[in-house]
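*Asks:* Input: one structure, supplied below.
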Amino acid sequence: MRIVIVHASKYGSTREIAEFIAEKLGHRGLEAEAQSAGPVPDLEGFGAVVVGSAVYMGHWMPEAVDFVQRNRAVLADRPVWLFSSGPLQLAPGDSALDDPELVPTEIPALIEAVHAREHRIFFGALDPAKLAFKHRALRKLPAARAILPEGDFRNWHSIEAWANDIARALQSPGIAVGSGGR
Ligand SMILES: Cc1cc2nc3c(=O)[nH]c(=O)nc-3n(C[C@H](O)[C@H](O)[C@H](O)COP(=O)(O)O)c2cc1C
């Protein structure tokens, strides 16, 4: 089965998560590739879809939302997983990602629209040197700086474990490839 991991990423860290998931699915014998949500990926030939977005101001990036909405009929007929990259880790060892306030605004409706199997939140990354002017300016505000610490907080172990869960689900007997396989 071919799987596409569609990503929306402003500064690249979410794209790298998508590429990592594709690589790990490949190690489990699945044919997987990462594609940007921007240039309108063609879902023809893909039996399952993972969609991930960076989170800004509590929202998924517009191109990820558009991608899901535009393709909702096709996606609703395939196994779909969603992930969000963000928040940043505020304290060392802080691993709580189950706070409902961390769920981007659009996610409940998107889950419903495509009957997504799961939405997973991963810690993201922030490199101040890469930030666009408006984000750099925002980060100068004391309140913003406190919740936007510099660092790469991506937990590759938990991302790999999730990729393995997806591989297991897709390789379990009885899943229909690319048609209503929930
Ligand atoms: C200006 C700014 C606002 C952000 N707002 C949020 C937010 O509301 N919620 C969240 O979980 N993460 C937020 N983040 C963290 C980003 O989601 C995180 O840095 C993510 O890994 C960026 O992904 P990208 O490199 O693919 O763009 C914000 C980051 C910046 C720079």
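By order of appearance in the structure tokens: chains A, B, ..., then residues from 1 within every chain, and ligands from 1 in the order shown.
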What residues in chain A get the DSSP label strand (DSSP E or B)? Please answer as a ChimeraX atom specification.
*Replies:* /A:2-8,31-36,48-56,59-60,80-85,118-122,125-126,151-152
*Asks:* Those same residues - N, CA, C and O atoms - I'd like them written as a short mmCIF file (atom, residue, chain, number, x, y, z; two decimals), in the first residue's frame.
*Replies:*
```
data_model
loop_
_atom_site.label_atom_id
_atom_site.label_comp_id
_atom_site.auth_asym_id
_atom_site.auth_seq_id
_atom_site.Cartn_x
_atom_site.Cartn_y
_atom_site.Cartn_z
N ARG A 2 0.52 2.22 -0.82
CA ARG A 2 1.26 3.49 -0.82
C ARG A 2 0.59 4.46 0.15
O ARG A 2 -0.63 4.56 0.21
N ILE A 3 1.42 5.18 0.88
CA ILE A 3 0.91 6.12 1.88
C ILE A 3 1.55 7.48 1.63
O ILE A 3 2.75 7.57 1.35
N VAL A 4 0.74 8.53 1.72
CA VAL A 4 1.31 9.87 1.59
C VAL A 4 1.17 10.60 2.92
O VAL A 4 0.14 10.51 3.59
N ILE A 5 2.24 11.29 3.29
CA ILE A 5 2.23 12.11 4.50
C ILE A 5 2.26 13.56 4.02
O ILE A 5 3.29 14.05 3.54
N VAL A 6 1.12 14.20 4.10
CA VAL A 6 0.96 15.57 3.60
C VAL A 6 1.24 16.53 4.76
O VAL A 6 0.72 16.35 5.86
N HIS A 7 2.07 17.54 4.49
CA HIS A 7 2.48 18.41 5.59
C HIS A 7 2.35 19.89 5.24
O HIS A 7 2.50 20.28 4.07
N ALA A 8 2.04 20.69 6.27
CA ALA A 8 2.09 22.15 6.15
C ALA A 8 3.07 22.63 7.21
O ALA A 8 2.90 22.36 8.40
N GLU A 31 5.24 1.57 1.35
CA GLU A 31 5.78 2.56 0.42
C GLU A 31 5.20 3.93 0.81
O GLU A 31 3.99 4.14 0.65
N ALA A 32 6.02 4.80 1.36
CA ALA A 32 5.48 6.06 1.89
C ALA A 32 6.31 7.24 1.41
O ALA A 32 7.53 7.13 1.24
N GLU A 33 5.65 8.35 1.18
CA GLU A 33 6.36 9.57 0.79
C GLU A 33 5.72 10.79 1.43
O GLU A 33 4.51 10.79 1.70
N ALA A 34 6.54 11.82 1.68
CA ALA A 34 6.03 13.07 2.24
C ALA A 34 5.82 14.06 1.11
O ALA A 34 6.62 14.13 0.17
N GLN A 35 4.73 14.83 1.20
CA GLN A 35 4.45 15.85 0.17
C GLN A 35 3.90 17.09 0.86
O GLN A 35 3.14 16.99 1.82
N SER A 36 4.25 18.24 0.33
CA SER A 36 3.72 19.49 0.88
C SER A 36 2.24 19.65 0.55
O SER A 36 1.80 19.30 -0.55
N ALA A 48 -3.65 5.24 1.94
CA ALA A 48 -3.82 5.81 3.29
C ALA A 48 -3.12 7.16 3.32
O ALA A 48 -2.17 7.39 2.56
N VAL A 49 -3.58 8.04 4.18
CA VAL A 49 -3.07 9.41 4.20
C VAL A 49 -2.84 9.86 5.64
O VAL A 49 -3.69 9.66 6.51
N VAL A 50 -1.68 10.46 5.86
CA VAL A 50 -1.38 11.12 7.14
C VAL A 50 -1.28 12.61 6.81
O VAL A 50 -0.62 12.97 5.82
N VAL A 51 -1.93 13.46 7.59
CA VAL A 51 -1.85 14.91 7.35
C VAL A 51 -1.35 15.58 8.63
O VAL A 51 -1.90 15.35 9.71
N GLY A 52 -0.31 16.41 8.48
CA GLY A 52 0.24 17.09 9.65
C GLY A 52 0.45 18.56 9.37
O GLY A 52 0.75 18.96 8.24
N SER A 53 0.28 19.36 10.42
CA SER A 53 0.49 20.81 10.27
C SER A 53 1.20 21.37 11.49
O SER A 53 0.98 20.91 12.62
N ALA A 54 2.00 22.39 11.25
CA ALA A 54 2.49 23.23 12.34
C ALA A 54 1.29 23.99 12.90
O ALA A 54 0.28 24.18 12.22
N VAL A 55 1.41 24.43 14.16
CA VAL A 55 0.32 25.17 14.81
C VAL A 55 0.79 26.60 15.07
O VAL A 55 1.86 26.82 15.64
N TYR A 56 -0.01 27.56 14.61
CA TYR A 56 0.29 28.97 14.86
C TYR A 56 -0.95 29.64 15.41
O TYR A 56 -2.02 29.54 14.82
N HIS A 59 -4.03 27.57 15.61
CA HIS A 59 -4.65 27.08 14.37
C HIS A 59 -3.68 26.23 13.55
O HIS A 59 -2.48 26.48 13.53
N TRP A 60 -4.26 25.26 12.82
CA TRP A 60 -3.51 24.59 11.76
C TRP A 60 -3.22 25.61 10.67
O TRP A 60 -3.96 26.59 10.49
N VAL A 80 -7.17 7.60 7.58
CA VAL A 80 -6.51 8.91 7.70
C VAL A 80 -6.06 9.13 9.15
O VAL A 80 -6.81 8.84 10.08
N TRP A 81 -4.86 9.64 9.29
CA TRP A 81 -4.35 10.05 10.60
C TRP A 81 -3.93 11.52 10.50
O TRP A 81 -3.42 11.95 9.45
N LEU A 82 -4.14 12.26 11.59
CA LEU A 82 -3.75 13.68 11.63
C LEU A 82 -2.72 13.90 12.73
O LEU A 82 -2.77 13.24 13.77
N PHE A 83 -1.79 14.82 12.49
CA PHE A 83 -0.91 15.22 13.60
C PHE A 83 -0.66 16.71 13.57
O PHE A 83 -0.75 17.36 12.52
N SER A 84 -0.37 17.26 14.75
CA SER A 84 -0.04 18.67 14.89
C SER A 84 1.35 18.78 15.50
O SER A 84 1.69 18.02 16.40
N SER A 85 2.11 19.74 14.98
CA SER A 85 3.45 20.00 15.51
C SER A 85 3.41 21.33 16.24
O SER A 85 3.26 22.38 15.62
N GLU A 118 -7.20 9.10 14.22
CA GLU A 118 -6.57 9.68 15.41
C GLU A 118 -5.98 11.04 15.06
O GLU A 118 -5.61 11.27 13.91
N HIS A 119 -5.91 11.90 16.06
CA HIS A 119 -5.13 13.13 15.94
C HIS A 119 -4.09 13.11 17.04
O HIS A 119 -4.41 12.96 18.21
N ARG A 120 -2.83 13.28 16.67
CA ARG A 120 -1.76 13.23 17.65
C ARG A 120 -1.01 14.56 17.68
O ARG A 120 -0.76 15.16 16.62
N ILE A 121 -0.67 15.01 18.87
CA ILE A 121 0.10 16.26 19.03
C ILE A 121 1.54 15.91 19.40
O ILE A 121 1.77 15.11 20.31
N PHE A 122 2.49 16.53 18.68
CA PHE A 122 3.91 16.36 19.00
C PHE A 122 4.52 17.71 19.36
O PHE A 122 4.11 18.74 18.80
N ALA A 125 9.47 22.68 17.21
CA ALA A 125 10.82 23.26 17.29
C ALA A 125 10.74 24.74 16.91
O ALA A 125 9.90 25.13 16.10
N LEU A 126 11.60 25.51 17.51
CA LEU A 126 11.66 26.94 17.15
C LEU A 126 13.12 27.38 17.09
O LEU A 126 13.86 27.28 18.08
N GLY A 151 14.32 26.20 20.77
CA GLY A 151 14.78 24.82 20.96
C GLY A 151 14.09 23.85 20.03
O GLY A 151 13.10 24.18 19.39
N ASP A 152 14.67 22.66 19.96
CA ASP A 152 14.08 21.59 19.16
C ASP A 152 13.56 20.54 20.14
O ASP A 152 14.34 19.82 20.75
#
```
*Asks:* Taking the DSSP secondary structure from the backbone, can you list the residues of segment 12-124 of chain A that are alpha helix (DSSP H), as an NGL selection string?
*Replies:* :A and (13-27 or 62-70 or 72-75 or 107-114)
*Asks:* State, in Å with one decimal place, the distance from atom CA of Trp162 of chain A to atom CA of Lys24 of chain A.
*Replies:*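 Going from atom CA of Trp162 of chain A over to atom CA of Lys24 of chain A covers 9.7 Å.
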*Asks:* How would you write, as an MDAnalysis selection string, the set of residues no farther than 9 Å from ligand 1 when counting only C-alpha atoms and all ligand atoms?
*Replies:* chainID A and resid 7:17 53:61 84:88 102:104 121:128 130:132 134:139 144 147:154
*Asks:* Any chance you can output those residues with C-alpha atoms as a PDB file, in the first residue's frame?
*Replies:*
```
ATOM      1  CA  HIS A   7       2.480  18.411   5.592  1.00  0.00           C
ATOM      2  CA  ALA A   8       2.089  22.150   6.151  1.00  0.00           C
ATOM      3  CA  SER A   9       5.222  23.666   7.629  1.00  0.00           C
ATOM      4  CA  LYS A  10       6.362  27.276   7.824  1.00  0.00           C
ATOM      5  CA  TYR A  11       9.925  26.762   9.033  1.00  0.00           C
ATOM      6  CA  GLY A  12      10.558  23.134   8.111  1.00  0.00           C
ATOM      7  CA  SER A  13      10.289  21.244  11.390  1.00  0.00           C
ATOM      8  CA  THR A  14       6.876  19.754  10.574  1.00  0.00           C
ATOM      9  CA  ARG A  15       8.106  18.770   7.108  1.00  0.00           C
ATOM     10  CA  GLU A  16      10.960  16.910   8.803  1.00  0.00           C
ATOM     11  CA  ILE A  17       8.466  15.070  11.031  1.00  0.00           C
ATOM     12  CA  SER A  53       0.490  20.810  10.275  1.00  0.00           C
ATOM     13  CA  ALA A  54       2.488  23.226  12.343  1.00  0.00           C
ATOM     14  CA  VAL A  55       0.321  25.170  14.808  1.00  0.00           C
ATOM     15  CA  TYR A  56       0.289  28.974  14.863  1.00  0.00           C
ATOM     16  CA  MET A  57      -1.914  30.973  17.232  1.00  0.00           C
ATOM     17  CA  GLY A  58      -3.938  27.884  18.018  1.00  0.00           C
ATOM     18  CA  HIS A  59      -4.650  27.076  14.370  1.00  0.00           C
ATOM     19  CA  TRP A  60      -3.509  24.595  11.761  1.00  0.00           C
ATOM     20  CA  MET A  61      -1.887  26.279   8.762  1.00  0.00           C
ATOM     21  CA  SER A  84      -0.040  18.672  14.895  1.00  0.00           C
ATOM     22  CA  SER A  85       3.449  20.003  15.515  1.00  0.00           C
ATOM     23  CA  GLY A  86       3.358  22.442  18.429  1.00  0.00           C
ATOM     24  CA  PRO A  87       3.472  23.357  21.297  1.00  0.00           C
ATOM     25  CA  LEU A  88       7.031  23.990  22.383  1.00  0.00           C
ATOM     26  CA  LEU A 102      -3.523  22.338  22.861  1.00  0.00           C
ATOM     27  CA  VAL A 103      -5.854  20.949  20.209  1.00  0.00           C
ATOM     28  CA  PRO A 104      -5.897  23.351  17.235  1.00  0.00           C
ATOM     29  CA  ILE A 121       0.105  16.262  19.025  1.00  0.00           C
ATOM     30  CA  PHE A 122       3.907  16.359  19.002  1.00  0.00           C
ATOM     31  CA  PHE A 123       6.244  18.935  20.490  1.00  0.00           C
ATOM     32  CA  GLY A 124       7.669  21.220  17.813  1.00  0.00           C
ATOM     33  CA  ALA A 125      10.815  23.263  17.289  1.00  0.00           C
ATOM     34  CA  LEU A 126      11.664  26.943  17.153  1.00  0.00           C
ATOM     35  CA  ASP A 127      14.865  28.362  15.694  1.00  0.00           C
ATOM     36  CA  PRO A 128      14.819  32.174  16.184  1.00  0.00           C
ATOM     37  CA  LYS A 130      14.640  31.263  10.854  1.00  0.00           C
ATOM     38  CA  LEU A 131      11.674  33.352  12.004  1.00  0.00           C
ATOM     39  CA  ALA A 132       9.972  35.773   9.649  1.00  0.00           C
ATOM     40  CA  LYS A 134       6.366  39.308  12.185  1.00  0.00           C
ATOM     41  CA  HIS A 135       7.075  36.212  14.281  1.00  0.00           C
ATOM     42  CA  ARG A 136      10.377  37.653  15.451  1.00  0.00           C
ATOM     43  CA  ALA A 137       8.610  40.840  16.508  1.00  0.00           C
ATOM     44  CA  LEU A 138       5.875  38.889  18.266  1.00  0.00           C
ATOM     45  CA  ARG A 139       8.429  36.872  20.171  1.00  0.00           C
ATOM     46  CA  ALA A 144       4.955  35.539  23.939  1.00  0.00           C
ATOM     47  CA  ILE A 147       5.488  30.411  25.687  1.00  0.00           C
ATOM     48  CA  LEU A 148       7.736  30.417  22.612  1.00  0.00           C
ATOM     49  CA  PRO A 149      11.094  29.152  23.886  1.00  0.00           C
ATOM     50  CA  GLU A 150      13.948  28.477  21.495  1.00  0.00           C
ATOM     51  CA  GLY A 151      14.783  24.823  20.962  1.00  0.00           C
ATOM     52  CA  ASP A 152      14.076  21.589  19.161  1.00  0.00           C
ATOM     53  CA  PHE A 153      11.616  19.660  21.322  1.00  0.00           C
ATOM     54  CA  ARG A 154      10.595  17.059  18.771  1.00  0.00           C
TER      55      ARG A 154
END
```
*Asks:* Counting only C-alpha atoms, which residue out of A:Pro173, A:Pro79, A:Pro62, A:Pro142 sits closest to Ala116 of chain A?
*Replies:*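 Of A:Pro173, A:Pro79, A:Pro62, A:Pro142, the one nearest Ala116 of chain A is A:Pro79, counting only C-alpha atoms.
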*Asks:* Neighbours of Leu30 of chain A within 12 Å (only C-alpha atoms; same-chain residues fewer than 6 positions away dropped), as a PyMOL selection string?
*Replies:* chain A and resi 1-4+21-24+46-48+163-164+166-171
*Asks:* Just all heavy atoms for this one: save the residues we selected as a compact mmCIF listing (two decimals), in the first residue's frame.
*Replies:*
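In the end it all went to out15.txt:
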```txt
# COMPACT_ATOMS: atom_id res chain seq x y z
N MET A 1 0.84 -1.20 0.00
CA MET A 1 0.00 0.00 0.00
C MET A 1 0.88 1.26 0.00
O MET A 1 1.86 1.32 0.72
CB MET A 1 -0.87 0.01 1.26
CG MET A 1 -1.75 1.24 1.34
SD MET A 1 -2.50 1.47 2.96
CE MET A 1 -3.52 0.05 3.09
N ARG A 2 0.52 2.22 -0.82
CA ARG A 2 1.26 3.49 -0.82
C ARG A 2 0.59 4.46 0.15
O ARG A 2 -0.63 4.56 0.21
CB ARG A 2 1.28 4.09 -2.22
CG ARG A 2 2.20 3.34 -3.17
CD ARG A 2 2.13 3.93 -4.56
NE ARG A 2 2.78 5.24 -4.63
CZ ARG A 2 2.34 6.26 -5.37
NH1 ARG A 2 1.23 6.12 -6.08
NH2 ARG A 2 2.97 7.40 -5.38
N ILE A 3 1.42 5.18 0.88
CA ILE A 3 0.91 6.12 1.88
C ILE A 3 1.55 7.48 1.63
O ILE A 3 2.75 7.57 1.35
CB ILE A 3 1.30 5.66 3.29
CG1 ILE A 3 0.74 4.25 3.52
CG2 ILE A 3 0.79 6.60 4.37
CD1 ILE A 3 1.61 3.45 4.39
N VAL A 4 0.74 8.53 1.72
CA VAL A 4 1.31 9.87 1.59
C VAL A 4 1.17 10.60 2.92
O VAL A 4 0.14 10.51 3.59
CB VAL A 4 0.67 10.67 0.42
CG1 VAL A 4 -0.82 10.90 0.63
CG2 VAL A 4 1.39 11.99 0.19
N ILE A 21 8.34 10.20 9.42
CA ILE A 21 7.25 9.21 9.46
C ILE A 21 7.29 8.36 8.18
O ILE A 21 7.17 7.13 8.22
CB ILE A 21 5.87 9.90 9.63
CG1 ILE A 21 5.77 10.51 11.03
CG2 ILE A 21 4.72 8.90 9.40
CD1 ILE A 21 4.55 11.40 11.24
N ALA A 22 7.50 9.03 7.03
CA ALA A 22 7.58 8.29 5.76
C ALA A 22 8.73 7.28 5.80
O ALA A 22 8.58 6.12 5.40
CB ALA A 22 7.77 9.26 4.60
N GLU A 23 9.86 7.72 6.33
CA GLU A 23 11.03 6.82 6.41
C GLU A 23 10.72 5.62 7.30
O GLU A 23 11.04 4.48 6.96
CB GLU A 23 12.21 7.64 6.96
CG GLU A 23 13.50 6.88 7.06
CD GLU A 23 14.54 7.70 7.84
OE1 GLU A 23 14.59 8.94 7.68
OE2 GLU A 23 15.28 7.10 8.63
N LYS A 24 10.09 5.89 8.45
CA LYS A 24 9.81 4.79 9.39
C LYS A 24 8.77 3.82 8.82
O LYS A 24 8.86 2.62 9.02
CB LYS A 24 9.33 5.34 10.75
CG LYS A 24 10.40 6.12 11.49
CD LYS A 24 11.64 5.26 11.71
CE LYS A 24 12.85 6.12 12.05
NZ LYS A 24 14.12 5.36 12.06
N PHE A 46 -2.87 6.47 -3.61
CA PHE A 46 -2.49 6.34 -2.20
C PHE A 46 -3.62 5.69 -1.42
O PHE A 46 -4.77 6.13 -1.47
CB PHE A 46 -2.16 7.71 -1.60
CG PHE A 46 -0.90 8.31 -2.15
CD1 PHE A 46 -0.94 9.35 -3.06
CD2 PHE A 46 0.34 7.80 -1.77
CE1 PHE A 46 0.22 9.89 -3.59
CE2 PHE A 46 1.52 8.34 -2.29
CZ PHE A 46 1.46 9.39 -3.20
N GLY A 47 -3.28 4.64 -0.69
CA GLY A 47 -4.31 3.90 0.04
C GLY A 47 -4.56 4.42 1.44
O GLY A 47 -5.56 4.07 2.06
N ALA A 48 -3.65 5.24 1.94
CA ALA A 48 -3.82 5.81 3.29
C ALA A 48 -3.12 7.16 3.32
O ALA A 48 -2.17 7.39 2.56
CB ALA A 48 -3.23 4.88 4.35
N ALA A 163 4.41 6.16 14.18
CA ALA A 163 4.55 5.62 12.82
C ALA A 163 4.39 4.09 12.86
O ALA A 163 3.74 3.50 11.98
CB ALA A 163 5.90 6.01 12.23
N ASN A 164 4.96 3.48 13.88
CA ASN A 164 4.82 2.02 14.00
C ASN A 164 3.37 1.61 14.25
O ASN A 164 2.90 0.59 13.73
CB ASN A 164 5.73 1.48 15.11
CG ASN A 164 7.20 1.50 14.69
OD1 ASN A 164 7.50 1.50 13.49
ND2 ASN A 164 8.10 1.54 15.66
N ILE A 166 0.80 3.20 13.14
CA ILE A 166 0.12 3.34 11.84
C ILE A 166 0.44 2.14 10.95
O ILE A 166 -0.46 1.56 10.32
CB ILE A 166 0.53 4.67 11.16
CG1 ILE A 166 -0.02 5.85 11.95
CG2 ILE A 166 0.05 4.71 9.71
CD1 ILE A 166 0.47 7.21 11.47
N ALA A 167 1.70 1.75 10.93
CA ALA A 167 2.10 0.60 10.10
C ALA A 167 1.35 -0.65 10.56
O ALA A 167 0.81 -1.40 9.72
CB ALA A 167 3.61 0.38 10.20
N ARG A 168 1.29 -0.85 11.87
CA ARG A 168 0.57 -2.03 12.38
C ARG A 168 -0.89 -2.01 11.96
O ARG A 168 -1.44 -3.01 11.54
CB ARG A 168 0.66 -2.06 13.92
CG ARG A 168 1.66 -3.10 14.44
CD ARG A 168 1.53 -3.28 15.93
NE ARG A 168 1.71 -2.04 16.67
CZ ARG A 168 2.89 -1.52 17.00
NH1 ARG A 168 3.98 -2.17 16.68
NH2 ARG A 168 2.97 -0.39 17.65
N ALA A 169 -1.51 -0.83 12.09
CA ALA A 169 -2.94 -0.74 11.72
C ALA A 169 -3.13 -1.05 10.25
O ALA A 169 -4.09 -1.74 9.87
CB ALA A 169 -3.47 0.66 12.05
N LEU A 170 -2.21 -0.56 9.40
CA LEU A 170 -2.37 -0.77 7.96
C LEU A 170 -2.05 -2.20 7.55
O LEU A 170 -2.51 -2.67 6.51
CB LEU A 170 -1.48 0.22 7.19
CG LEU A 170 -1.92 1.68 7.29
CD1 LEU A 170 -0.90 2.61 6.65
CD2 LEU A 170 -3.28 1.88 6.64
N GLN A 171 -1.23 -2.85 8.34
CA GLN A 171 -0.84 -4.21 7.99
C GLN A 171 -1.70 -5.26 8.68
O GLN A 171 -1.48 -6.45 8.49
CB GLN A 171 0.65 -4.42 8.31
CG GLN A 171 1.53 -3.63 7.35
CD GLN A 171 2.98 -3.56 7.77
OE1 GLN A 171 3.28 -3.58 8.96
NE2 GLN A 171 3.88 -3.45 6.80
```
*Asks:* What's the separation between atom CA of Asp98 of chain A and atom CA of Leu25 of chain A, in Å to one decimal place?
*Replies:*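 Interatomic distance here is 24.7 Å.
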*Asks:* Could you check the closest approach to Ser158 of chain A for each of A:Leu90, A:Val74, A:Lys140, A:Ser95 and tell me which residue wins, using only C-alpha atoms?
*Replies:*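 Among A:Leu90, A:Val74, A:Lys140, A:Ser95, it is A:Ser95 that comes nearest to Ser158 of chain A.
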*Asks:* Taking only C-alpha atoms into account, name the residue in A:His157, A:Arg78, A:His115, A:His27 that is nearest to Glu44 of chain A.
*Replies:* A:Arg78
*Asks:* Quote the spacing between atom CA of Arg28 of chain A and atom CA of Ala96 of chain A in Å to one decimal place.
*Replies:* 28.3 Å
